[in-house]
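The structure file work.txt is reproduced below (compact mmCIF, C-alpha atoms and all ligand atoms).
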# COMPACT_ATOMS: atom_id res chain seq x y z
CA MET K 1 0.00 0.00 0.00
CA ALA K 2 1.45 3.37 -1.00
CA PHE K 3 0.04 6.55 0.49
CA THR K 4 0.75 10.07 -0.72
CA LEU K 5 -0.70 12.93 1.26
CA TYR K 6 -1.08 16.35 -0.33
CA ASN K 7 -1.30 18.67 2.63
CA ALA K 8 0.07 21.72 4.40
CA PRO K 9 2.03 21.68 7.67
CA GLN K 10 -0.18 24.23 9.48
CA SER K 11 -3.50 23.11 8.01
CA THR K 12 -5.79 21.82 10.75
CA CYS K 13 -7.57 19.49 8.33
CA SER K 14 -4.22 18.05 7.23
CA GLN K 15 -3.16 17.56 10.84
CA ARG K 16 -6.12 15.22 11.40
CA VAL K 17 -4.99 12.95 8.60
CA ARG K 18 -1.30 13.06 9.53
CA PHE K 19 -2.29 12.06 13.07
CA VAL K 20 -4.25 9.02 11.86
CA LEU K 21 -1.46 7.92 9.49
CA ASN K 22 1.17 8.35 12.23
CA ALA K 23 -0.95 6.63 14.88
CA LYS K 24 -1.42 3.64 12.59
CA GLY K 25 2.27 3.56 11.75
CA LEU K 26 1.54 3.95 8.03
CA ALA K 27 4.43 5.31 6.00
CA PHE K 28 3.39 8.09 3.62
CA ASN K 29 4.92 10.36 1.09
CA GLU K 30 4.11 13.92 2.11
CA ILE K 31 3.67 16.61 -0.52
CA LYS K 32 3.56 20.05 1.10
CA LEU K 33 1.48 22.75 -0.55
CA ASN K 34 1.97 26.44 0.18
CA LEU K 35 -1.59 27.64 0.75
CA LEU K 36 -0.70 31.33 0.92
CA GLU K 37 0.95 31.05 -2.49
CA GLY K 38 -2.07 29.27 -3.95
CA ASP K 39 -0.62 25.80 -4.67
CA GLN K 40 -4.06 24.37 -3.83
CA LEU K 41 -5.62 26.33 -6.70
CA LYS K 42 -3.30 25.15 -9.48
CA PRO K 43 -4.99 23.21 -12.32
CA ASP K 44 -3.14 19.95 -11.66
CA TYR K 45 -4.13 19.95 -7.99
CA LEU K 46 -7.74 20.93 -8.80
CA LYS K 47 -7.93 17.77 -10.91
CA LEU K 48 -7.30 15.81 -7.70
CA ASN K 49 -9.36 17.98 -5.38
CA PRO K 50 -11.87 20.24 -7.16
CA ASN K 51 -12.58 22.01 -3.83
CA GLY K 52 -9.11 23.57 -3.98
CA VAL K 53 -8.29 22.67 -0.39
CA VAL K 54 -6.02 20.27 1.45
CA PRO K 55 -5.77 17.46 2.38
CA THR K 56 -5.99 14.97 -0.48
CA LEU K 57 -4.94 11.35 -0.13
CA ASP K 58 -3.65 9.25 -2.98
CA HIS K 59 -3.83 5.57 -2.06
CA ASP K 60 -2.29 3.40 -4.76
CA GLY K 61 -3.63 5.84 -7.36
CA SER K 62 -7.12 6.21 -5.86
CA ILE K 63 -7.93 9.72 -4.70
CA VAL K 64 -9.80 10.41 -1.48
CA ILE K 65 -10.62 13.94 -0.34
CA ASP K 66 -11.99 15.63 2.79
CA SER K 67 -10.18 15.07 6.07
CA THR K 68 -12.94 13.26 7.96
CA VAL K 69 -13.70 11.07 4.95
CA ILE K 70 -9.98 10.29 4.58
CA ALA K 71 -9.75 9.42 8.29
CA GLU K 72 -12.68 7.00 8.03
CA TYR K 73 -11.27 5.59 4.79
CA LEU K 74 -7.94 4.88 6.49
CA ASP K 75 -9.76 3.04 9.26
CA GLU K 76 -11.58 0.96 6.65
CA VAL K 77 -8.50 -0.04 4.65
CA THR K 78 -6.25 -0.58 7.69
CA PRO K 79 -8.65 -1.81 10.37
CA ASP K 80 -5.95 -3.29 12.64
CA LEU K 81 -5.52 -0.27 14.80
CA SER K 82 -8.96 1.27 14.50
CA PHE K 83 -10.29 4.59 15.78
CA THR K 84 -13.86 3.66 14.81
CA PRO K 85 -16.08 1.95 17.42
CA GLU K 86 -17.38 -1.47 16.39
CA ASP K 87 -20.81 -0.91 17.90
CA PRO K 88 -23.01 0.79 15.26
CA VAL K 89 -24.62 3.09 17.83
CA ALA K 90 -21.23 4.29 19.09
CA ARG K 91 -20.11 4.62 15.47
CA ALA K 92 -23.13 6.76 14.68
CA ARG K 93 -22.41 8.88 17.74
CA MET K 94 -18.82 9.34 16.56
CA ARG K 95 -20.02 10.47 13.13
CA ALA K 96 -22.53 12.87 14.65
CA LEU K 97 -19.76 14.34 16.78
CA MET K 98 -17.57 14.73 13.70
CA HIS K 99 -20.37 16.61 11.95
CA PHE K 100 -20.75 18.85 15.01
CA ILE K 101 -16.98 19.44 15.07
CA ASP K 102 -16.86 20.41 11.39
CA GLU K 103 -19.78 22.78 11.82
CA MET K 104 -18.71 24.38 15.10
CA PRO K 105 -15.05 24.43 16.26
CA ALA K 106 -13.40 23.54 12.93
CA ALA K 107 -15.33 26.27 11.09
CA SER K 108 -15.06 28.85 13.89
CA VAL K 109 -11.31 28.49 14.30
CA ARG K 110 -10.82 29.97 10.82
CA VAL K 111 -11.90 33.43 12.01
CA PRO K 112 -9.20 33.94 14.70
CA THR K 113 -6.72 32.12 12.45
CA PHE K 114 -7.27 34.48 9.55
CA ASN K 115 -7.52 37.64 11.66
CA LEU K 116 -4.49 36.94 13.81
CA ALA K 117 -2.17 35.00 11.51
CA PHE K 118 -2.93 35.45 7.82
CA LEU K 119 -4.25 39.02 7.63
CA PRO K 120 -0.81 40.72 7.49
CA SER K 121 0.01 38.70 4.33
CA PHE K 122 -3.31 39.64 2.72
CA GLN K 123 -2.83 43.30 3.65
CA LYS K 124 0.40 43.38 1.65
CA MET K 125 -1.50 42.46 -1.53
CA SER K 126 -3.05 44.99 -3.89
CA ARG K 127 -6.85 45.10 -3.81
CA GLU K 128 -6.99 43.57 -7.32
CA ALA K 129 -4.65 40.72 -6.41
CA PHE K 130 -6.60 39.99 -3.22
CA VAL K 131 -9.98 39.90 -4.99
CA ALA K 132 -8.56 37.73 -7.78
CA MET K 133 -7.13 35.31 -5.21
CA ALA K 134 -10.42 35.19 -3.28
CA GLU K 135 -12.44 34.66 -6.44
CA SER K 136 -10.25 31.78 -7.52
CA LYS K 137 -11.20 29.75 -4.43
CA PRO K 138 -13.93 27.20 -5.14
CA LEU K 139 -14.87 26.70 -1.47
CA ARG K 140 -13.80 29.81 0.41
CA ARG K 141 -14.55 32.66 -2.02
CA GLU K 142 -17.25 34.34 0.08
CA PHE K 143 -15.38 33.71 3.33
CA MET K 144 -12.32 35.54 1.94
CA LEU K 145 -14.35 38.39 0.50
CA THR K 146 -16.23 38.85 3.79
CA MET K 147 -12.95 39.01 5.66
CA GLY K 148 -11.50 41.39 3.11
CA GLN K 149 -8.19 43.08 3.78
CA THR K 150 -9.29 44.61 7.07
CA GLY K 151 -10.19 41.35 8.76
CA PHE K 152 -13.39 40.09 10.31
CA PRO K 153 -15.10 42.70 12.51
CA LYS K 154 -15.07 42.33 16.30
CA ALA K 155 -18.65 41.00 16.39
CA GLU K 156 -17.68 38.14 14.09
CA MET K 157 -14.52 37.39 16.07
CA ASP K 158 -16.53 37.38 19.32
CA ALA K 159 -19.12 35.06 17.80
CA ALA K 160 -16.41 32.63 16.64
CA LEU K 161 -14.84 32.62 20.11
CA ALA K 162 -18.25 32.00 21.69
CA ARG K 163 -18.87 29.08 19.32
CA LEU K 164 -15.48 27.65 20.24
CA ARG K 165 -16.31 28.00 23.93
CA ARG K 166 -19.61 26.16 23.39
CA SER K 167 -17.66 23.44 21.59
CA TYR K 168 -15.37 22.91 24.61
CA GLU K 169 -18.45 22.73 26.83
CA ARG K 170 -19.97 20.15 24.51
CA MET K 171 -16.74 18.12 24.60
CA ASP K 172 -16.78 18.37 28.38
CA ALA K 173 -20.34 17.02 28.49
CA GLU K 174 -19.39 14.14 26.16
CA ILE K 175 -16.41 13.19 28.33
CA GLU K 176 -18.52 13.38 31.48
CA ARG K 177 -21.19 11.20 29.90
CA SER K 178 -18.75 8.58 28.54
CA GLY K 179 -16.57 8.50 31.66
CA GLY K 180 -13.56 9.65 29.58
CA PRO K 181 -10.75 10.19 29.26
CA TRP K 182 -11.64 10.46 25.54
CA LEU K 183 -14.86 11.84 24.10
CA GLN K 184 -16.38 8.39 23.75
CA GLY K 185 -14.83 6.71 26.76
CA LYS K 186 -11.73 4.60 27.18
CA ALA K 187 -10.74 4.43 23.51
CA MET K 188 -9.77 7.38 21.37
CA THR K 189 -12.00 7.70 18.31
CA LEU K 190 -11.87 9.73 15.12
CA ALA K 191 -13.99 12.36 16.90
CA ASP K 192 -11.05 13.10 19.23
CA VAL K 193 -8.75 13.32 16.22
CA ALA K 194 -11.19 15.60 14.38
CA VAL K 195 -11.41 18.20 17.13
CA MET K 196 -7.74 18.09 18.21
CA PRO K 197 -6.28 20.58 15.68
CA ALA K 198 -8.79 23.28 16.64
CA LEU K 199 -7.66 23.16 20.27
CA VAL K 200 -4.00 23.02 19.28
CA ARG K 201 -4.60 26.09 17.11
CA MET K 202 -6.35 28.06 19.85
CA HIS K 203 -3.60 27.13 22.30
CA ASP K 204 -1.00 28.25 19.77
CA LEU K 205 -2.83 31.56 19.30
CA GLY K 206 -2.69 32.07 23.08
CA LEU K 207 -6.47 31.65 23.49
CA PRO K 208 -7.00 28.34 25.29
CA ASP K 209 -10.41 29.17 26.72
CA TRP K 210 -10.90 25.83 28.51
CA GLN K 211 -8.69 26.23 31.57
CA ASP K 212 -11.73 26.08 33.89
CA LEU K 213 -12.80 22.73 32.38
CA PRO K 214 -10.50 20.15 34.01
CA ARG K 215 -11.76 17.31 31.82
CA ILE K 216 -10.69 19.24 28.73
CA VAL K 217 -7.36 20.19 30.30
CA THR K 218 -6.69 16.47 30.87
CA TRP K 219 -7.97 15.55 27.40
CA PHE K 220 -5.60 18.11 25.85
CA ASP K 221 -2.65 16.83 27.90
CA ASN K 222 -3.48 13.25 26.90
CA ILE K 223 -3.70 13.94 23.21
CA ARG K 224 -0.45 15.88 23.24
CA ALA K 225 1.21 12.91 24.97
CA HIS K 226 0.00 10.48 22.29
CA PRO K 227 2.93 9.03 20.26
CA ALA K 228 1.37 10.29 17.02
CA PHE K 229 1.28 13.89 18.20
CA LYS K 230 4.95 14.84 17.77
CA PRO K 231 5.41 13.46 14.26
CA THR K 232 2.14 15.14 13.25
CA PHE K 233 3.09 18.54 14.65
CA TYR K 234 6.66 18.59 13.31
CA HIS K 235 8.40 21.95 13.35
CA GLY K 236 6.52 24.42 11.18
CA SER K 237 3.09 22.96 11.91
CA LEU K 238 2.20 25.64 14.44
CA LEU K 239 1.34 29.11 13.19
CA SER K 240 3.59 30.65 15.85
CA GLU K 241 6.51 28.78 14.29
CA ARG K 242 5.71 30.17 10.86
CA PHE K 243 4.57 33.73 11.59
CA PRO K 244 7.03 35.67 13.78
CA HIS K 245 4.42 38.36 14.54
CA LEU K 246 2.44 35.77 16.51
CA ARG K 247 5.27 34.81 18.83
CA GLU K 248 4.95 37.84 21.04
CA LYS K 249 1.18 37.51 21.26
CA THR K 250 1.39 33.85 22.16
CA SER K 251 4.30 34.06 24.58
CA ALA K 252 1.77 33.93 27.42
CA ARG K 253 0.69 30.44 26.32
CA VAL K 254 0.06 28.03 29.13
N1 LIG L 301 -13.85 19.89 4.61
C1 LIG L 301 -12.49 19.96 4.14
C2 LIG L 301 -11.98 21.35 4.38
C3 LIG L 301 -10.56 21.48 3.95
C4 LIG L 301 -10.00 22.88 4.18
O1 LIG L 301 -10.72 23.84 4.43
N2 LIG L 301 -8.68 23.00 4.06
C5 LIG L 301 -8.03 24.26 4.28
C6 LIG L 301 -6.84 24.09 5.22
S1 LIG L 301 -7.35 23.47 6.81
C7 LIG L 301 -7.46 24.76 2.95
O2 LIG L 301 -6.94 23.99 2.17
N3 LIG L 301 -7.57 26.07 2.68
C8 LIG L 301 -7.05 26.63 1.51
C9 LIG L 301 -7.83 27.79 1.01
O3 LIG L 301 -8.76 28.23 1.71
O4 LIG L 301 -7.53 28.27 -0.08
C10 LIG L 301 -11.66 18.90 4.86
O5 LIG L 301 -11.95 18.62 6.03
O6 LIG L 301 -10.72 18.36 4.26
What would the structure in this file look like if it were written as structure tokens?
Amino acid sequence: MAFTLYNAPQSTCSQRVRFVLNAKGLAFNEIKLNLLEGDQLKPDYLKLNPNGVVPTLDHDGSIVIDSTVIAEYLDEVTPDLSFTPEDPVARARMRALMHFIDEMPAASVRVPTFNLAFLPSFQKMSREAFVAMAESKPLRREFMLTMGQTGFPKAEMDAALARLRRSYERMDAEIERSGGPWLQGKAMTLADVAVMPALVRMHDLGLPDWQDLPRIVTWFDNIRAHPAFKPTFYHGSLLSERFPHLREKTSARV
């Protein structure tokens, strides 16, 4: 089995897939795309992933896209070390959680990410170049145009942070219900993997708004101690490692 992963070091969606590949001990050839330079929008890549986003998995020539779909696919083709519960009800619960995660924390984290990390790069562009770049994005055109070159307004930033906070509270309730330490109990599932990069991102941005939720503090410590974590978050995977202007802001990280 040969795996090639088209991804980006700091992309939260890519980090999910790298984590699953690393946790399963699957060797993969990693192709790194520069998202700020638009590698994901080049014609050859769009043939693989018409959404113009990472990650994309090539498995022996078959293309699979979308991080949660790729994660489930990997569990199907390499079931030995599985992150998918066998019980259909638990499996359905995992999938429902993954839908929640994509709709809430994974979507919300883009607002602070863009405002705090990417905006300075977009501000250096001419208006024409920025609009052309935004309009070339199949999936994120409106998102980019709404952000513009001044960033999302405070109300939108506050709303994203509130949605993230509600996501931590939801995780907390899931852990309490299952008995933990993972969202669905004793075994880590793909739901844990799906939400992980959002918390890593918020921690990296110096905004870990879950310090009063001890179950989440423990969950975060546990996932960072997992053997797959380090190889997934190799140097350059955190925004603070890539964007010097963030280092000062995030120096108060806990
Ligand atoms: N639902 C997709 C979303 C993928 C996605 O949004 N990828 C981001 C990085 S995390 C991306 O490639 N952005 C590039 C762009 O917006 O141009 C998945 O989970 O794979």
May I have a table of the residues of chain K lying at most 7 Å from ligand LIG 301 (chain L), giving each one's closest pair of atoms and their distance in Å to one decimal, counting only C-alpha atoms and all ligand atoms, ordered by chain and ascending residue number, as JSON lines?
{"residue": "K:Ser11", "atom": "CA", "partner": "L:LIG301", "partner_atom": "S1", "distance": 4.0}
{"residue": "K:Thr12", "atom": "CA", "partner": "L:LIG301", "partner_atom": "S1", "distance": 4.5}
{"residue": "K:Cys13", "atom": "CA", "partner": "L:LIG301", "partner_atom": "S1", "distance": 4.3}
{"residue": "K:Ser14", "atom": "CA", "partner": "L:LIG301", "partner_atom": "S1", "distance": 6.3}
{"residue": "K:Leu35", "atom": "CA", "partner": "L:LIG301", "partner_atom": "C8", "distance": 5.6}
{"residue": "K:Gly38", "atom": "CA", "partner": "L:LIG301", "partner_atom": "O4", "distance": 6.8}
{"residue": "K:Gln40", "atom": "CA", "partner": "L:LIG301", "partner_atom": "O4", "distance": 6.4}
{"residue": "K:Gly52", "atom": "CA", "partner": "L:LIG301", "partner_atom": "O4", "distance": 6.3}
{"residue": "K:Val53", "atom": "CA", "partner": "L:LIG301", "partner_atom": "O2", "distance": 3.2}
{"residue": "K:Val54", "atom": "CA", "partner": "L:LIG301", "partner_atom": "O2", "distance": 3.9}
{"residue": "K:Pro55", "atom": "CA", "partner": "L:LIG301", "partner_atom": "O6", "distance": 5.4}
{"residue": "K:Ile65", "atom": "CA", "partner": "L:LIG301", "partner_atom": "O6", "distance": 6.4}
{"residue": "K:Asp66", "atom": "CA", "partner": "L:LIG301", "partner_atom": "O6", "distance": 3.4}
{"residue": "K:Ser67", "atom": "CA", "partner": "L:LIG301", "partner_atom": "O6", "distance": 3.8}
{"residue": "K:Thr68", "atom": "CA", "partner": "L:LIG301", "partner_atom": "O5", "distance": 5.8}
{"residue": "K:Lys137", "atom": "CA", "partner": "L:LIG301", "partner_atom": "O4", "distance": 5.9}
{"residue": "K:Arg140", "atom": "CA", "partner": "L:LIG301", "partner_atom": "O3", "distance": 5.4}
What does the file look like for those residues with C-alpha atoms, as a short mmCIF file (atom, residue, chain, number, x, y, z; two decimals), keeping the file's coordinate frame?
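again.cif was written with the following content:
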data_model
loop_
_atom_site.label_atom_id
_atom_site.label_comp_id
_atom_site.auth_asym_id
_atom_site.auth_seq_id
_atom_site.Cartn_x
_atom_site.Cartn_y
_atom_site.Cartn_z
CA SER K 11 -3.50 23.11 8.01
CA THR K 12 -5.79 21.82 10.75
CA CYS K 13 -7.57 19.49 8.33
CA SER K 14 -4.22 18.05 7.23
CA LEU K 35 -1.59 27.64 0.75
CA GLY K 38 -2.07 29.27 -3.95
CA GLN K 40 -4.06 24.37 -3.83
CA GLY K 52 -9.11 23.57 -3.98
CA VAL K 53 -8.29 22.67 -0.39
CA VAL K 54 -6.02 20.27 1.45
CA PRO K 55 -5.77 17.46 2.38
CA ILE K 65 -10.62 13.94 -0.34
CA ASP K 66 -11.99 15.63 2.79
CA SER K 67 -10.18 15.07 6.07
CA THR K 68 -12.94 13.26 7.96
CA LYS K 137 -11.20 29.75 -4.43
CA ARG K 140 -13.80 29.81 0.41
#
Would you please work out which residue, of K:Asp80, K:Asp158, K:Glu72, K:Glu176, is nearest to Val111 of chain K when using only C-alpha atoms?
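Closest to Val111 of chain K of all the choices is K:Asp158.
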Considering all atoms listed in the file, can you say which of K:Val200, K:Leu116, K:Leu145, K:Leu213 comes closest to Phe229 of chain K?
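The answer is K:Val200, which sits nearest to Phe229 of chain K.
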From K:Ser240, K:Asn222, K:Gln184, K:Ser167, residue lying nearest Trp210 of chain K [only C-alpha atoms]
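For Trp210 of chain K, the nearest of the candidates is K:Ser167.
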Nearest to Phe243 of chain K: which of K:Gln10, K:Ala225, K:Val17, K:Leu207 is it, counting only C-alpha atoms?
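Ranked by minimum distance to Phe243 of chain K, first place goes to K:Gln10.
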Would you list the residues near (-14.8, 34.4, 9.4) (no more than 10 Å away, in the coordinates of the file, using only C-alpha atoms) as a ChimeraX atom specification?
/K:107-115,142-148,151-153,156-157,159-160
Atom CA of Pro9 of chain K and atom CA of Gly236 of chain K, how far apart in Å?
6.3 Å
Would you place a box with edges along x, y and z of the file around all atoms of segment 142-156 of chain K listed there, add 3 Å to each of its six sides, and report the centre and edge lengths in Å to one decimal, as AutoDock Vina command-line options?
--center_x -13.4 --center_y 39.2 --center_z 8.2 --size_x 16.5 --size_y 16.9 --size_z 22.3
Assuming the input is short of atoms at segment 135-168 of chain K, produce N, CA and C atoms for that part as a PDB file, in the coordinates of the input.
ATOM      1  N   GLU K 135     -11.488  35.177  -5.451  1.00  0.00           N
ATOM      2  CA  GLU K 135     -12.440  34.660  -6.440  1.00  0.00           C
ATOM      3  C   GLU K 135     -11.997  33.361  -7.079  1.00  0.00           C
ATOM      4  N   SER K 136     -10.721  33.042  -6.926  1.00  0.00           N
ATOM      5  CA  SER K 136     -10.250  31.780  -7.520  1.00  0.00           C
ATOM      6  C   SER K 136     -10.486  30.594  -6.585  1.00  0.00           C
ATOM      7  N   LYS K 137     -11.033  30.841  -5.409  1.00  0.00           N
ATOM      8  CA  LYS K 137     -11.200  29.750  -4.430  1.00  0.00           C
ATOM      9  C   LYS K 137     -12.573  29.117  -4.581  1.00  0.00           C
ATOM     10  N   PRO K 138     -12.624  27.837  -4.942  1.00  0.00           N
ATOM     11  CA  PRO K 138     -13.930  27.200  -5.140  1.00  0.00           C
ATOM     12  C   PRO K 138     -14.772  27.166  -3.860  1.00  0.00           C
ATOM     13  N   LEU K 139     -14.113  26.940  -2.702  1.00  0.00           N
ATOM     14  CA  LEU K 139     -14.870  26.700  -1.470  1.00  0.00           C
ATOM     15  C   LEU K 139     -14.948  27.941  -0.587  1.00  0.00           C
ATOM     16  N   ARG K 140     -13.927  28.757  -0.603  1.00  0.00           N
ATOM     17  CA  ARG K 140     -13.800  29.810   0.410  1.00  0.00           C
ATOM     18  C   ARG K 140     -13.902  31.223  -0.157  1.00  0.00           C
ATOM     19  N   ARG K 141     -14.469  31.344  -1.363  1.00  0.00           N
ATOM     20  CA  ARG K 141     -14.550  32.660  -2.020  1.00  0.00           C
ATOM     21  C   ARG K 141     -15.242  33.695  -1.119  1.00  0.00           C
ATOM     22  N   GLU K 142     -16.464  33.371  -0.686  1.00  0.00           N
ATOM     23  CA  GLU K 142     -17.250  34.340   0.080  1.00  0.00           C
ATOM     24  C   GLU K 142     -16.614  34.619   1.447  1.00  0.00           C
ATOM     25  N   PHE K 143     -16.053  33.557   2.038  1.00  0.00           N
ATOM     26  CA  PHE K 143     -15.380  33.710   3.330  1.00  0.00           C
ATOM     27  C   PHE K 143     -14.252  34.747   3.197  1.00  0.00           C
ATOM     28  N   MET K 144     -13.450  34.610   2.137  1.00  0.00           N
ATOM     29  CA  MET K 144     -12.320  35.540   1.940  1.00  0.00           C
ATOM     30  C   MET K 144     -12.811  36.952   1.663  1.00  0.00           C
ATOM     31  N   LEU K 145     -13.867  37.057   0.843  1.00  0.00           N
ATOM     32  CA  LEU K 145     -14.350  38.390   0.500  1.00  0.00           C
ATOM     33  C   LEU K 145     -15.003  39.069   1.706  1.00  0.00           C
ATOM     34  N   THR K 146     -15.641  38.281   2.583  1.00  0.00           N
ATOM     35  CA  THR K 146     -16.230  38.850   3.790  1.00  0.00           C
ATOM     36  C   THR K 146     -15.131  39.345   4.725  1.00  0.00           C
ATOM     37  N   MET K 147     -14.063  38.582   4.814  1.00  0.00           N
ATOM     38  CA  MET K 147     -12.950  39.010   5.660  1.00  0.00           C
ATOM     39  C   MET K 147     -12.295  40.258   5.088  1.00  0.00           C
ATOM     40  N   GLY K 148     -12.129  40.264   3.779  1.00  0.00           N
ATOM     41  CA  GLY K 148     -11.500  41.390   3.110  1.00  0.00           C
ATOM     42  C   GLY K 148     -10.082  41.615   3.604  1.00  0.00           C
ATOM     43  N   GLN K 149      -9.564  42.810   3.369  1.00  0.00           N
ATOM     44  CA  GLN K 149      -8.190  43.080   3.780  1.00  0.00           C
ATOM     45  C   GLN K 149      -8.125  43.841   5.105  1.00  0.00           C
ATOM     46  N   THR K 150      -9.296  43.967   5.741  1.00  0.00           N
ATOM     47  CA  THR K 150      -9.290  44.610   7.070  1.00  0.00           C
ATOM     48  C   THR K 150      -9.586  43.590   8.158  1.00  0.00           C
ATOM     49  N   GLY K 151      -9.938  42.389   7.764  1.00  0.00           N
ATOM     50  CA  GLY K 151     -10.190  41.350   8.760  1.00  0.00           C
ATOM     51  C   GLY K 151     -11.653  41.290   9.154  1.00  0.00           C
ATOM     52  N   PHE K 152     -12.012  40.215   9.834  1.00  0.00           N
ATOM     53  CA  PHE K 152     -13.390  40.090  10.310  1.00  0.00           C
ATOM     54  C   PHE K 152     -13.623  41.104  11.427  1.00  0.00           C
ATOM     55  N   PRO K 153     -14.819  41.730  11.455  1.00  0.00           N
ATOM     56  CA  PRO K 153     -15.100  42.700  12.510  1.00  0.00           C
ATOM     57  C   PRO K 153     -15.174  42.025  13.880  1.00  0.00           C
ATOM     58  N   LYS K 154     -15.112  42.849  14.928  1.00  0.00           N
ATOM     59  CA  LYS K 154     -15.070  42.330  16.300  1.00  0.00           C
ATOM     60  C   LYS K 154     -16.271  41.408  16.588  1.00  0.00           C
ATOM     61  N   ALA K 155     -17.456  41.804  16.093  1.00  0.00           N
ATOM     62  CA  ALA K 155     -18.650  41.000  16.390  1.00  0.00           C
ATOM     63  C   ALA K 155     -18.479  39.573  15.864  1.00  0.00           C
ATOM     64  N   GLU K 156     -17.862  39.471  14.691  1.00  0.00           N
ATOM     65  CA  GLU K 156     -17.680  38.140  14.090  1.00  0.00           C
ATOM     66  C   GLU K 156     -16.613  37.337  14.848  1.00  0.00           C
ATOM     67  N   MET K 157     -15.585  38.041  15.278  1.00  0.00           N
ATOM     68  CA  MET K 157     -14.520  37.390  16.070  1.00  0.00           C
ATOM     69  C   MET K 157     -15.129  36.906  17.396  1.00  0.00           C
ATOM     70  N   ASP K 158     -15.919  37.756  18.036  1.00  0.00           N
ATOM     71  CA  ASP K 158     -16.530  37.380  19.320  1.00  0.00           C
ATOM     72  C   ASP K 158     -17.444  36.168  19.141  1.00  0.00           C
ATOM     73  N   ALA K 159     -18.197  36.170  18.046  1.00  0.00           N
ATOM     74  CA  ALA K 159     -19.120  35.060  17.800  1.00  0.00           C
ATOM     75  C   ALA K 159     -18.342  33.761  17.595  1.00  0.00           C
ATOM     76  N   ALA K 160     -17.235  33.845  16.878  1.00  0.00           N
ATOM     77  CA  ALA K 160     -16.410  32.630  16.640  1.00  0.00           C
ATOM     78  C   ALA K 160     -15.853  32.124  17.966  1.00  0.00           C
ATOM     79  N   LEU K 161     -15.395  33.036  18.816  1.00  0.00           N
ATOM     80  CA  LEU K 161     -14.840  32.620  20.110  1.00  0.00           C
ATOM     81  C   LEU K 161     -15.930  32.009  20.984  1.00  0.00           C
ATOM     82  N   ALA K 162     -17.142  32.552  20.897  1.00  0.00           N
ATOM     83  CA  ALA K 162     -18.250  32.000  21.690  1.00  0.00           C
ATOM     84  C   ALA K 162     -18.618  30.599  21.186  1.00  0.00           C
ATOM     85  N   ARG K 163     -18.572  30.411  19.871  1.00  0.00           N
ATOM     86  CA  ARG K 163     -18.870  29.080  19.320  1.00  0.00           C
ATOM     87  C   ARG K 163     -17.789  28.075  19.724  1.00  0.00           C
ATOM     88  N   LEU K 164     -16.554  28.544  19.775  1.00  0.00           N
ATOM     89  CA  LEU K 164     -15.480  27.650  20.240  1.00  0.00           C
ATOM     90  C   LEU K 164     -15.700  27.284  21.700  1.00  0.00           C
ATOM     91  N   ARG K 165     -16.062  28.274  22.506  1.00  0.00           N
ATOM     92  CA  ARG K 165     -16.310  28.000  23.930  1.00  0.00           C
ATOM     93  C   ARG K 165     -17.441  26.964  24.081  1.00  0.00           C
ATOM     94  N   ARG K 166     -18.504  27.131  23.305  1.00  0.00           N
ATOM     95  CA  ARG K 166     -19.610  26.160  23.390  1.00  0.00           C
ATOM     96  C   ARG K 166     -19.149  24.767  22.939  1.00  0.00           C
ATOM     97  N   SER K 167     -18.192  24.740  22.044  1.00  0.00           N
ATOM     98  CA  SER K 167     -17.660  23.440  21.590  1.00  0.00           C
ATOM     99  C   SER K 167     -16.886  22.756  22.712  1.00  0.00           C
ATOM    100  N   TYR K 168     -16.105  23.523  23.489  1.00  0.00           N
ATOM    101  CA  TYR K 168     -15.370  22.910  24.610  1.00  0.00           C
ATOM    102  C   TYR K 168     -16.370  22.392  25.642  1.00  0.00           C
TER     103      TYR K 168
END
